[in-house]
Amino acid sequence: MYEFQLIQSTGFRNHGPEGARDGVEVRLRLPNYRGMRLSLLDGIDVTLDGEFFSHEVTSLILGGTVYDLAAMRDATTVRWAMGEHASVLVPKPGGLLPGIHHVKVAALVRSPYFPPHLQPLPVHGERLATIVLP
Amino acid sequence: MYEFQLIQSTGFRNHGPEGARDGVEVRLRLPNYRGMRLSLLDGIDVTLDGEFFSHEVTSLILGGTVYDLAAMRDATTVRWAMGEHASVLVPKPGGLLPGIHHVKVAALVRSPYFPPHLQPLPVHGERLATIVLP
Amino acid sequence: MEDRFKYGVSLYSFTEDFGSVMSIEEGFDHIADTGATGIEILGETHVTGYPTPDKAWLDRWFGLLDRTGLEPTNMCSWVDTKLRLGQSLSVEEGAAELTRDLTLAHQLGFKFLRPKFGVISADLVPDPIWAPAVERVLDLAHKLNIVICPEIHSPTPINHPVVHGYIDFIERTGTKNFALLIDTGIFQDRPLKSWVHEVPEGDSDHAKLINGMKVNPEELVGIAPYIAFIQAKFHHIDDNLHDENIPWEKVMPVLKRIGYTGYLSSEYEGVREPWVAIDQVRRQHVLLRRLEAACDAVPA
Amino acid sequence: MEDRFKYGVSLYSFTEDFGSVMSIEEGFDHIADTGATGIEILGETHVTGYPTPDKAWLDRWFGLLDRTGLEPTNMCSWVDTKLRLGQSLSVEEGAAELTRDLTLAHQLGFKFLRPKFGVISADLVPDPIWAPAVERVLDLAHKLNIVICPEIHSPTPINHPVVHGYIDFIERTGTKNFALLIDTGIFQDRPLKSWVHEVPEGDSDHAKLINGMKVNPEELVGIAPYIAFIQAKFHHIDDNLHDENIPWEKVMPVLKRIGYTGYLSSEYEGVREPWVAIDQVRRQHVLLRRLEAACDAVPA
Ligand SMILES: [Mn+2]
Ligand SMILES: [Mn+2]
């Protein structure tokens, strides 16, 4: 089961080998009420303690595979299913220090049944979350 | 999974044959953070729209068996397990009309590791709940 | 009681619950306890492994139907015409999406399929592939005994070119496997107190969606023969059993008058909090059943 | 790093979550993601089918241990001496309760068992059957390699006849299978902002439990040889990583000084809302690890 919030408490962690972290993972619940093919997600903006990372530089880790924005747009047959977690991978050399951090995300979702001028619509999440390990 | 509240929305219904209702069922989650033997429950007071029914007249339906207060006190080997629903059976001839009702319960729980003067302690629930069918 | 409405609930009602505080088992229990006879789902939300659930999930599904006595009513699906950036789906691809969902809906025992087509304009005109794509699967729908029903949903009213287009399609093809699904949100005539949609505040549709389309329920009369299914959309029923947004006391008599005897399938879409919808749906069922009884008590 | 603390989490921390928004799978995941190595449970809460879980549940349990790499630490249990109104358990019955839980704890791989005995007085003196009942199961505990540890828990301080009684028992029997579990709630030295216990407001213990026992952590020194396990009870760690109630900066150096190298097993007991404990436990682990690193950085 998901935590209710878009940004999950668990799964917020540094990425890469210990001692040589190269990024931060922010685990999300599905930012939609229906499962969706990954090509309907136009990337995810992330802000960590005020530092902005555009959806053009973040990636998504889904089912063990890493998708950058181009790969996401091509992923017309990959589903992010209801109930499945995925993590945004934020390229931040060194990662974050253990402690409480301010995290914001905007998942850019295209819903073809919404008017064209509302594509994509951002699904927002914002919270304090905790990195436990260096 | 339980609804978070002690008094569950679902399972609030009339009891007995349609047209000849003899009571009301109020479904509860386990009123304790641990599963417990039924003899540790000293009955459940229920108030329906201001009408009080003492734990001496209500019963508990657990796993298909109905326990009145005496039977509950004897049930030293029956467990109300975590995750299991049970319903308080309130003897109210005719039941309740479909609609929104004010429901209060106090489950009287004995916790032997609490001081003797605090036995039993009431676990309270109060809410509006809806009877759908006559 | 052949002429009574049938009562159902869509698992969509539990959107704020499903996946974080509720699984499909509880969904079935909540619905069955209202006395409803039908369950509606969203394929992509509620079918684990969509579009090809495994045997374990199918066993669970049929076990739940069996245990609760609920019948599958409508399955909601999407034809994602903008699946790719910059290139819309072809007719063939649209038909393939429909085939995928007809197949699954049939496998699960559904009688109705609501496809949501991508749109091409601000006033929600569906991608024109909808007609040829649907036409290609009408034989399959007939074979599977499923009625495909596009949803008439706010901000699209009843009297609108999109609806006329659907009716023209039915008349032209003579099909029995394409009909209208009415979402009662179009009758909303008082403003929502909490805004739960994605449309941004500055958008031109925002006020319309907040305040309601105020479609006159009498307009149902003109499209009566084409109505296959009704989603009983609502947003809040207060502690006095009063719906704050949808004028059920006007809608229900018209539905009786036009002889509708299909499903009223609850679609709660109110505040985004868990554990709210369960009781709201129960309230709606009391309200609707009470109004129906009042209609039935009046000699025709 | 032989002399470092071990970090664990008790599923008790998730009391407001478990059963309504969290199942045991998620509990394991939340714990493992903190970098903890140990999981603590309440037998009657977290073992489906307690005290005799079926094979499916056992497979699930060992699968989760395997997947997460967590080791079972302590299992909490109860000896319900007042199971019957008006007649306390006999020594034999008390020993049977302990046997039941030793058996289950062993089956699940636990190394510690915390039995909570019923009490006979307002100051929480345990039913005197505790000593002969425990004595009857010491051989079994030895055979199963489990340490039985009663919990020193507010409002019982360290320097108290109950604790002296436990230590006398250890000395008299010479057992290695009975020792003390310290609940760090006894060190609470600032008032709780939210009251989550069952004790009614009028009760004499109420103020004590709200304001904290303020036991001096230095008192751990006198009982050091008898401490087997520590439940790191806490109530709220604020947005600046500051614990509002437990003086960890005083507790941790004493634990280092007495050479404790066992578990610090998080027990969150704060506001009664779901989805709060998960992050609170993470905050505590950052705080405790930071304090331990600071202790280790000081030359002894
Ligand atoms: Mn709808
Ligand atoms: Mn404790």
# chains A, B, ... in the order shown; residues from 1 in each chain; ligands from 1
call {"tool": "residues_near_ligand", "arguments": {"ligand": "ligand 1", "cutoff": "8 Å", "atoms": "only C-alpha atoms and all ligand atoms", "output": "list in words"}}
result
Glu151, His153, Ile182, Asp183, Thr184, Gly185, Gln231, Ala232, Lys233 and Glu267 of chain C
call {"tool": "write_last_selection", "arguments": {"atoms": "C-alpha atoms", "output": "mmCIF file, in the first residue's frame"}}
result
data_model
loop_
_atom_site.group_PDB
_atom_site.id
_atom_site.type_symbol
_atom_site.label_atom_id
_atom_site.label_comp_id
_atom_site.auth_asym_id
_atom_site.auth_seq_id
_atom_site.Cartn_x
_atom_site.Cartn_y
_atom_site.Cartn_z
ATOM 1 C CA GLU C 151 -19.634 9.431 -21.068
ATOM 2 C CA HIS C 153 -19.668 14.561 -18.587
ATOM 3 C CA ILE C 182 -24.843 10.048 -18.435
ATOM 4 C CA ASP C 183 -22.701 11.415 -15.623
ATOM 5 C CA THR C 184 -25.092 13.276 -13.320
ATOM 6 C CA GLY C 185 -22.431 15.919 -12.692
ATOM 7 C CA GLN C 231 -23.095 7.326 -13.194
ATOM 8 C CA ALA C 232 -24.657 8.978 -10.165
ATOM 9 C CA LYS C 233 -21.919 11.585 -9.707
ATOM 10 C CA GLU C 267 -19.565 8.147 -8.283
#
call {"tool": "residues_around", "arguments": {"residues": "Val78 in chain B", "least_positions_apart": "6", "cutoff": "12 Å", "atoms": "only C-alpha atoms", "output": "list in words"}}
result
Gly35, Met36, Arg37, Leu38, Ser39, Leu40, Leu41, Leu62, Gly63, Thr65, Tyr67, Ala71 and Met72 of chain B; Tyr50, Pro51 and Leu83 of chain D
call {"tool": "interface_residues", "arguments": {"of": "chain C", "to": "chain D", "cutoff": "9 Å", "atoms": "only C-alpha atoms", "output": "list in words"}}
result
Ser20, Val21 and Met22 of chain C
call {"tool": "residues_around", "arguments": {"residues": "Pro115 in chain D", "least_positions_apart": "6", "cutoff": "10 Å", "atoms": "only C-alpha atoms", "output": "CSV table (one decimal) with N, CA and C atoms, in the first residue's frame"}}
result
chain,number,residue,atom,x,y,z
D,75,MET,N,10.3,-10.0,20.8
D,75,MET,CA,8.8,-10.2,20.7
D,75,MET,C,8.1,-9.8,22.0
D,76,CYS,N,7.2,-8.9,21.9
D,76,CYS,CA,6.5,-8.5,23.1
D,76,CYS,C,5.3,-9.4,23.3
D,77,SER,N,5.0,-9.8,24.6
D,77,SER,CA,3.9,-10.6,24.9
D,77,SER,C,3.3,-10.2,26.2
D,78,TRP,N,2.2,-10.8,26.5
D,78,TRP,CA,1.5,-10.4,27.8
D,78,TRP,C,1.2,-11.7,28.6
D,79,VAL,N,1.3,-11.6,29.9
D,79,VAL,CA,0.8,-12.6,30.7
D,79,VAL,C,-0.4,-12.0,31.4
D,80,ASP,N,-1.6,-12.3,30.9
D,80,ASP,CA,-2.8,-11.7,31.3
D,80,ASP,C,-3.4,-12.3,32.6
D,97,GLU,N,1.4,-19.4,29.7
D,97,GLU,CA,1.4,-18.2,28.9
D,97,GLU,C,2.8,-18.0,28.4
D,98,LEU,N,3.8,-18.1,29.3
D,98,LEU,CA,5.2,-17.9,28.9
D,98,LEU,C,5.7,-18.9,27.9
D,101,ASP,N,4.5,-18.2,24.4
D,101,ASP,CA,5.1,-17.2,23.7
D,101,ASP,C,6.6,-17.5,23.4
D,102,LEU,N,7.3,-18.2,24.3
D,102,LEU,CA,8.6,-18.6,24.1
D,102,LEU,C,8.7,-19.5,22.8
D,130,TRP,N,4.8,-13.9,39.0
D,130,TRP,CA,5.7,-13.7,37.9
D,130,TRP,C,7.0,-14.6,38.2
D,134,VAL,N,8.1,-17.6,35.8
D,134,VAL,CA,9.3,-17.5,35.0
D,134,VAL,C,10.3,-18.6,35.3
D,148,ILE,N,14.3,-13.7,28.5
D,148,ILE,CA,13.1,-13.1,28.9
D,148,ILE,C,13.3,-11.8,29.6
D,149,CYS,N,12.8,-10.7,29.1
D,149,CYS,CA,13.1,-9.4,29.7
D,149,CYS,C,11.8,-8.6,30.0
D,150,PRO,N,11.5,-8.5,31.3
D,150,PRO,CA,10.5,-7.6,31.7
D,150,PRO,C,10.9,-6.2,31.4
D,151,GLU,N,9.9,-5.3,31.1
D,151,GLU,CA,10.1,-4.0,30.6
D,151,GLU,C,10.1,-3.0,31.8
call {"tool": "interface_residues", "arguments": {"of": "chain D", "to": "chain B", "cutoff": "7 Å", "atoms": "only C-alpha atoms", "output": "number ranges by chain"}}
result
D: 15, 19-20, 44-45, 80-84, 116-122, 124
call {"tool": "select_by_dssp", "arguments": {"residues": "chain A", "states": "strand (DSSP E or B)", "output": "ChimeraX atom specification"}}
result
/A:7,13-15,23-28,36-37,41-48,51-53,59-62,65-67,79-80,86-91,99-109,121-131
call {"tool": "residues_around", "arguments": {"residues": "Ala105 in chain C", "least_positions_apart": "5", "cutoff": "10 Å", "atoms": "only C-alpha atoms", "output": "number ranges by chain"}}
result
C: 41, 43, 51, 72-77, 99-100, 110-113, 144, 146
call {"tool": "write_last_selection", "arguments": {"atoms": "all heavy atoms", "output": "short mmCIF file (atom, residue, chain, number, x, y, z; two decimals), in the first residue's frame"}}
result
data_model
loop_
_atom_site.label_atom_id
_atom_site.label_comp_id
_atom_site.auth_asym_id
_atom_site.auth_seq_id
_atom_site.Cartn_x
_atom_site.Cartn_y
_atom_site.Cartn_z
N ILE C 41 -15.99 -0.46 -12.24
CA ILE C 41 -14.56 -0.27 -11.98
C ILE C 41 -13.89 0.57 -13.06
O ILE C 41 -14.48 0.81 -14.13
CB ILE C 41 -13.79 -1.62 -11.87
CG1 ILE C 41 -13.70 -2.30 -13.23
CG2 ILE C 41 -14.43 -2.54 -10.86
CD1 ILE C 41 -12.68 -3.44 -13.29
N GLY C 43 -10.69 0.01 -15.33
CA GLY C 43 -9.78 -1.08 -15.65
C GLY C 43 -8.35 -0.79 -15.21
O GLY C 43 -7.71 -1.60 -14.54
N PRO C 51 -3.51 -4.84 -18.76
CA PRO C 51 -4.80 -5.37 -19.21
C PRO C 51 -4.88 -6.89 -19.21
O PRO C 51 -5.83 -7.45 -19.72
CB PRO C 51 -4.88 -4.84 -20.65
CG PRO C 51 -3.45 -4.84 -21.11
CD PRO C 51 -2.61 -4.55 -19.90
N PRO C 72 -20.83 -7.38 -12.22
CA PRO C 72 -20.05 -6.34 -12.87
C PRO C 72 -20.96 -5.53 -13.78
O PRO C 72 -21.74 -6.10 -14.55
CB PRO C 72 -19.02 -7.12 -13.70
CG PRO C 72 -19.06 -8.53 -13.17
CD PRO C 72 -20.44 -8.74 -12.67
N THR C 73 -20.90 -4.21 -13.67
CA THR C 73 -21.75 -3.36 -14.51
C THR C 73 -20.91 -2.77 -15.63
O THR C 73 -20.82 -3.35 -16.70
CB THR C 73 -22.42 -2.27 -13.67
OG1 THR C 73 -21.42 -1.48 -13.02
CG2 THR C 73 -23.35 -2.88 -12.64
N ASN C 74 -20.27 -1.64 -15.32
CA ASN C 74 -19.52 -0.91 -16.35
C ASN C 74 -18.04 -0.90 -16.02
O ASN C 74 -17.67 -0.75 -14.86
CB ASN C 74 -20.04 0.53 -16.41
CG ASN C 74 -19.27 1.39 -17.39
OD1 ASN C 74 -19.10 1.03 -18.54
ND2 ASN C 74 -18.78 2.53 -16.91
N MET C 75 -17.20 -1.08 -17.04
CA MET C 75 -15.77 -0.90 -16.87
C MET C 75 -15.34 0.36 -17.62
O MET C 75 -15.62 0.50 -18.81
CB MET C 75 -15.00 -2.11 -17.39
CG MET C 75 -13.49 -2.01 -17.10
SD MET C 75 -12.55 -3.47 -17.65
CE MET C 75 -11.78 -2.81 -19.13
N CYS C 76 -14.67 1.26 -16.91
CA CYS C 76 -14.19 2.48 -17.54
C CYS C 76 -12.82 2.24 -18.16
O CYS C 76 -11.98 1.57 -17.56
CB CYS C 76 -14.11 3.61 -16.52
SG CYS C 76 -15.73 4.13 -15.91
N SER C 77 -12.63 2.80 -19.35
CA SER C 77 -11.33 2.67 -19.99
C SER C 77 -10.99 3.98 -20.70
O SER C 77 -11.81 4.90 -20.73
CB SER C 77 -11.34 1.51 -20.98
OG SER C 77 -12.08 1.86 -22.13
N THR C 99 -10.38 -2.83 -28.50
CA THR C 99 -10.39 -4.29 -28.50
C THR C 99 -9.78 -4.83 -27.21
O THR C 99 -10.32 -5.75 -26.57
CB THR C 99 -9.59 -4.82 -29.71
OG1 THR C 99 -10.24 -4.35 -30.90
CG2 THR C 99 -9.53 -6.34 -29.71
N ARG C 100 -8.69 -4.23 -26.81
CA ARG C 100 -8.03 -4.60 -25.55
C ARG C 100 -9.03 -4.53 -24.38
O ARG C 100 -9.14 -5.46 -23.57
CB ARG C 100 -6.86 -3.64 -25.31
CG ARG C 100 -6.17 -3.75 -23.96
CD ARG C 100 -5.33 -2.49 -23.68
NE ARG C 100 -6.18 -1.32 -23.53
CZ ARG C 100 -5.81 -0.06 -23.74
NH1 ARG C 100 -4.59 0.22 -24.12
NH2 ARG C 100 -6.68 0.94 -23.59
N PHE C 110 -18.27 -7.83 -17.48
CA PHE C 110 -18.96 -6.55 -17.61
C PHE C 110 -19.89 -6.51 -18.82
O PHE C 110 -19.65 -7.19 -19.81
CB PHE C 110 -17.94 -5.39 -17.70
CG PHE C 110 -17.29 -5.11 -16.38
CD1 PHE C 110 -16.07 -5.69 -16.05
CD2 PHE C 110 -17.92 -4.30 -15.45
CE1 PHE C 110 -15.48 -5.44 -14.82
CE2 PHE C 110 -17.34 -4.05 -14.21
CZ PHE C 110 -16.12 -4.62 -13.90
N LYS C 111 -20.93 -5.67 -18.70
CA LYS C 111 -21.91 -5.51 -19.78
C LYS C 111 -21.76 -4.17 -20.49
O LYS C 111 -22.35 -3.96 -21.55
CB LYS C 111 -23.33 -5.62 -19.21
CG LYS C 111 -23.64 -6.96 -18.55
CD LYS C 111 -23.60 -8.09 -19.57
CE LYS C 111 -23.92 -9.45 -18.94
NZ LYS C 111 -23.04 -10.50 -19.51
N PHE C 112 -21.04 -3.25 -19.86
CA PHE C 112 -20.85 -1.91 -20.44
C PHE C 112 -19.36 -1.56 -20.40
O PHE C 112 -18.66 -1.94 -19.47
CB PHE C 112 -21.64 -0.85 -19.66
CG PHE C 112 -23.12 -1.13 -19.59
CD1 PHE C 112 -23.66 -1.85 -18.54
CD2 PHE C 112 -23.96 -0.67 -20.60
CE1 PHE C 112 -25.02 -2.11 -18.48
CE2 PHE C 112 -25.33 -0.92 -20.55
CZ PHE C 112 -25.86 -1.65 -19.49
N LEU C 113 -18.94 -0.84 -21.42
CA LEU C 113 -17.57 -0.34 -21.45
C LEU C 113 -17.60 1.15 -21.77
O LEU C 113 -18.15 1.56 -22.80
CB LEU C 113 -16.74 -1.06 -22.53
CG LEU C 113 -15.29 -0.54 -22.67
CD1 LEU C 113 -14.43 -1.02 -21.51
CD2 LEU C 113 -14.68 -0.97 -24.01
N LEU C 144 -19.54 -10.03 -27.92
CA LEU C 144 -19.26 -10.12 -26.46
C LEU C 144 -20.43 -9.60 -25.62
O LEU C 144 -20.37 -9.62 -24.39
CB LEU C 144 -17.99 -9.34 -26.12
CG LEU C 144 -16.71 -9.77 -26.85
CD1 LEU C 144 -15.52 -8.92 -26.39
CD2 LEU C 144 -16.41 -11.26 -26.62
N ILE C 146 -21.52 -6.52 -25.18
CA ILE C 146 -21.12 -5.34 -24.41
C ILE C 146 -21.58 -4.08 -25.13
O ILE C 146 -21.45 -3.97 -26.36
CB ILE C 146 -19.59 -5.30 -24.22
CG1 ILE C 146 -19.17 -6.41 -23.24
CG2 ILE C 146 -19.12 -3.93 -23.69
CD1 ILE C 146 -17.69 -6.48 -22.97
#
call {"tool": "closest_residue", "arguments": {"among": "B:Arg27, B:His101, B:Arg21, B:Arg127", "to": "Asp49 in chain B", "atoms": "only C-alpha atoms"}}
result
B:His101
call {"tool": "residues_around", "arguments": {"residues": "Glu18 in chain A", "least_positions_apart": "3", "cutoff": "10 Å", "atoms": "only C-alpha atoms", "output": "VMD selection string"}}
result
chain A and resid 14 to 15 21 to 22 94 133 to 134
call {"tool": "select_by_dssp", "arguments": {"residues": "range 91-173 of chain C", "states": "alpha helix (DSSP H)", "output": "PyMOL selection string"}}
result
chain C and resi 91-108+130-144+161-173
call {"tool": "residues_around", "arguments": {"residues": "Gly270 in chain D", "least_positions_apart": "6", "cutoff": "12 Å", "atoms": "only C-alpha atoms", "output": "JSON list (two decimals) with N, CA and C atoms, in the first residue's frame"}}
result
[["chain", "number", "residue", "atom", "x", "y", "z"],
["D", 12, "TYR", "N", 5.48, -1.74, 16.78],
["D", 12, "TYR", "CA", 4.60, -0.97, 17.67],
["D", 12, "TYR", "C", 4.58, 0.50, 17.28],
["D", 13, "SER", "N", 5.70, 0.99, 16.75],
["D", 13, "SER", "CA", 5.77, 2.39, 16.31],
["D", 13, "SER", "C", 4.64, 2.74, 15.36],
["D", 14, "PHE", "N", 4.19, 1.74, 14.61],
["D", 14, "PHE", "CA", 3.19, 1.98, 13.57],
["D", 14, "PHE", "C", 1.78, 1.60, 14.02],
["D", 15, "THR", "N", 1.54, 1.73, 15.32],
["D", 15, "THR", "CA", 0.25, 1.33, 15.87],
["D", 15, "THR", "C", -0.93, 2.04, 15.19],
["D", 16, "GLU", "N", -0.77, 3.31, 14.86],
["D", 16, "GLU", "CA", -1.87, 4.04, 14.22],
["D", 16, "GLU", "C", -2.01, 3.70, 12.74],
["D", 185, "GLY", "N", 11.28, 5.79, 27.75],
["D", 185, "GLY", "CA", 10.27, 6.72, 28.26],
["D", 185, "GLY", "C", 10.52, 7.14, 29.70],
["D", 192, "LEU", "N", 4.75, 15.95, 27.49],
["D", 192, "LEU", "CA", 4.17, 15.59, 26.20],
["D", 192, "LEU", "C", 3.22, 16.69, 25.77],
["D", 193, "LYS", "N", 3.25, 17.00, 24.48],
["D", 193, "LYS", "CA", 2.29, 17.98, 23.97],
["D", 193, "LYS", "C", 0.98, 17.32, 23.58],
["D", 194, "SER", "N", 1.05, 16.05, 23.22],
["D", 194, "SER", "CA", -0.20, 15.35, 22.93],
["D", 194, "SER", "C", -0.23, 14.10, 23.79],
["D", 195, "TRP", "N", -1.36, 13.85, 24.37],
["D", 195, "TRP", "CA", -1.48, 12.76, 25.31],
["D", 195, "TRP", "C", -2.12, 11.57, 24.61],
["D", 196, "VAL", "N", -1.42, 10.47, 24.53],
["D", 196, "VAL", "CA", -1.92, 9.37, 23.74],
["D", 196, "VAL", "C", -2.22, 8.13, 24.56],
["D", 197, "HIS", "N", -2.06, 8.22, 25.87],
["D", 197, "HIS", "CA", -2.27, 7.01, 26.67],
["D", 197, "HIS", "C", -3.71, 6.87, 27.12],
["D", 210, "ILE", "N", 2.38, 12.54, 31.83],
["D", 210, "ILE", "CA", 2.45, 13.69, 30.93],
["D", 210, "ILE", "C", 3.81, 14.37, 31.04],
["D", 233, "LYS", "N", 11.95, 4.46, 23.19],
["D", 233, "LYS", "CA", 10.65, 5.15, 23.22],
["D", 233, "LYS", "C", 10.83, 6.64, 22.96],
["D", 234, "PHE", "N", 9.99, 7.21, 22.12],
["D", 234, "PHE", "CA", 9.99, 8.67, 21.90],
["D", 234, "PHE", "C", 8.61, 9.09, 21.43],
["D", 235, "HIS", "N", 8.39, 10.41, 21.44],
["D", 235, "HIS", "CA", 7.03, 10.92, 21.18],
["D", 235, "HIS", "C", 6.95, 11.95, 20.08],
["D", 236, "HIS", "N", 8.00, 12.78, 19.97],
["D", 236, "HIS", "CA", 7.98, 13.75, 18.88],
["D", 236, "HIS", "C", 9.37, 14.31, 18.66],
["D", 237, "ILE", "N", 9.81, 14.22, 17.42],
["D", 237, "ILE", "CA", 11.06, 14.87, 17.02],
["D", 237, "ILE", "C", 10.68, 15.96, 16.03],
["D", 238, "ASP", "N", 11.04, 17.20, 16.36],
["D", 238, "ASP", "CA", 10.53, 18.32, 15.57],
["D", 238, "ASP", "C", 11.31, 18.51, 14.28],
["D", 243, "ASP", "N", 14.47, 16.23, 19.74],
["D", 243, "ASP", "CA", 13.47, 15.44, 20.46],
["D", 243, "ASP", "C", 12.88, 16.29, 21.58],
["D", 244, "GLU", "N", 11.57, 16.43, 21.58],
["D", 244, "GLU", "CA", 10.92, 17.35, 22.53],
["D", 244, "GLU", "C", 10.78, 16.77, 23.93],
["D", 245, "ASN", "N", 11.07, 15.48, 24.11],
["D", 245, "ASN", "CA", 10.76, 14.85, 25.39],
["D", 245, "ASN", "C", 11.88, 14.02, 25.99],
["D", 276, "VAL", "N", 2.32, 9.18, 10.33],
["D", 276, "VAL", "CA", 3.19, 10.10, 11.07],
["D", 276, "VAL", "C", 4.44, 9.36, 11.52],
["D", 277, "ALA", "N", 4.25, 8.14, 11.99],
["D", 277, "ALA", "CA", 5.36, 7.40, 12.61],
["D", 277, "ALA", "C", 6.48, 7.10, 11.62],
["D", 278, "ILE", "N", 6.14, 6.89, 10.37],
["D", 278, "ILE", "CA", 7.15, 6.44, 9.41],
["D", 278, "ILE", "C", 8.31, 7.44, 9.36],
["D", 279, "ASP", "N", 7.96, 8.71, 9.20],
["D", 279, "ASP", "CA", 9.02, 9.71, 9.14],
["D", 279, "ASP", "C", 9.60, 10.00, 10.52],
["D", 280, "GLN", "N", 8.79, 9.93, 11.56],
["D", 280, "GLN", "CA", 9.31, 10.16, 12.92],
["D", 280, "GLN", "C", 10.41, 9.14, 13.24],
["D", 281, "VAL", "N", 10.20, 7.91, 12.88],
["D", 281, "VAL", "CA", 11.22, 6.88, 13.13],
["D", 281, "VAL", "C", 12.49, 7.19, 12.35]]
call {"tool": "residues_around", "arguments": {"residues": "His102 in chain B", "least_positions_apart": "4", "cutoff": "12 Å", "atoms": "only C-alpha atoms", "output": "list in words"}}
result
Ile7, Ser9, Phe12, Val26, Val46, Thr47, Leu48, Asp49, Gly50, Glu51, Phe52, Leu96, Gly125, Glu126, Arg127, Leu128, Ala129, Thr130 and Ile131 of chain B; Asp239 and Asn240 of chain C
call {"tool": "decode", "arguments": {"residues": "range 113-117 of chain D", "atoms": "all heavy atoms", "output": "CSV table (one decimal), in the first residue's frame"}}
result
chain,number,residue,atom,x,y,z
D,113,LEU,N,12.3,-12.0,24.6
D,113,LEU,CA,10.8,-12.1,24.8
D,113,LEU,C,10.5,-11.1,25.9
D,113,LEU,O,11.0,-11.3,27.1
D,113,LEU,CB,10.3,-13.5,25.1
D,113,LEU,CG,8.8,-13.6,25.4
D,113,LEU,CD1,8.0,-13.5,24.1
D,113,LEU,CD2,8.5,-14.9,26.2
D,114,ARG,N,9.6,-10.2,25.7
D,114,ARG,CA,9.2,-9.3,26.7
D,114,ARG,C,7.8,-9.6,27.2
D,114,ARG,O,6.8,-9.3,26.5
D,114,ARG,CB,9.2,-7.8,26.3
D,114,ARG,CG,8.9,-6.9,27.5
D,114,ARG,CD,7.7,-6.0,27.3
D,114,ARG,NE,6.4,-6.6,26.8
D,114,ARG,CZ,5.4,-5.9,26.4
D,114,ARG,NH1,5.5,-4.6,26.2
D,114,ARG,NH2,4.3,-6.5,26.0
D,115,PRO,N,7.6,-10.3,28.3
D,115,PRO,CA,6.3,-10.6,28.8
D,115,PRO,C,5.8,-9.4,29.7
D,115,PRO,O,6.6,-8.9,30.5
D,115,PRO,CB,6.5,-11.8,29.7
D,115,PRO,CG,7.9,-11.7,30.1
D,115,PRO,CD,8.7,-10.9,29.2
D,116,LYS,N,4.6,-8.9,29.5
D,116,LYS,CA,4.0,-7.9,30.4
D,116,LYS,C,3.1,-8.6,31.3
D,116,LYS,O,2.0,-9.1,30.9
D,116,LYS,CB,3.3,-6.9,29.5
D,116,LYS,CG,3.0,-5.5,30.1
D,116,LYS,CD,4.0,-4.5,29.7
D,116,LYS,CE,3.5,-3.1,29.7
D,116,LYS,NZ,4.6,-2.2,29.2
D,117,PHE,N,3.5,-8.6,32.6
D,117,PHE,CA,2.7,-9.3,33.6
D,117,PHE,C,1.6,-8.3,34.1
D,117,PHE,O,1.7,-7.1,34.2
D,117,PHE,CB,3.5,-9.7,34.8
D,117,PHE,CG,4.5,-10.7,34.5
D,117,PHE,CD1,5.8,-10.4,34.2
D,117,PHE,CD2,4.2,-12.1,34.6
D,117,PHE,CE1,6.7,-11.4,33.9
D,117,PHE,CE2,5.1,-13.1,34.3
D,117,PHE,CZ,6.4,-12.7,33.9
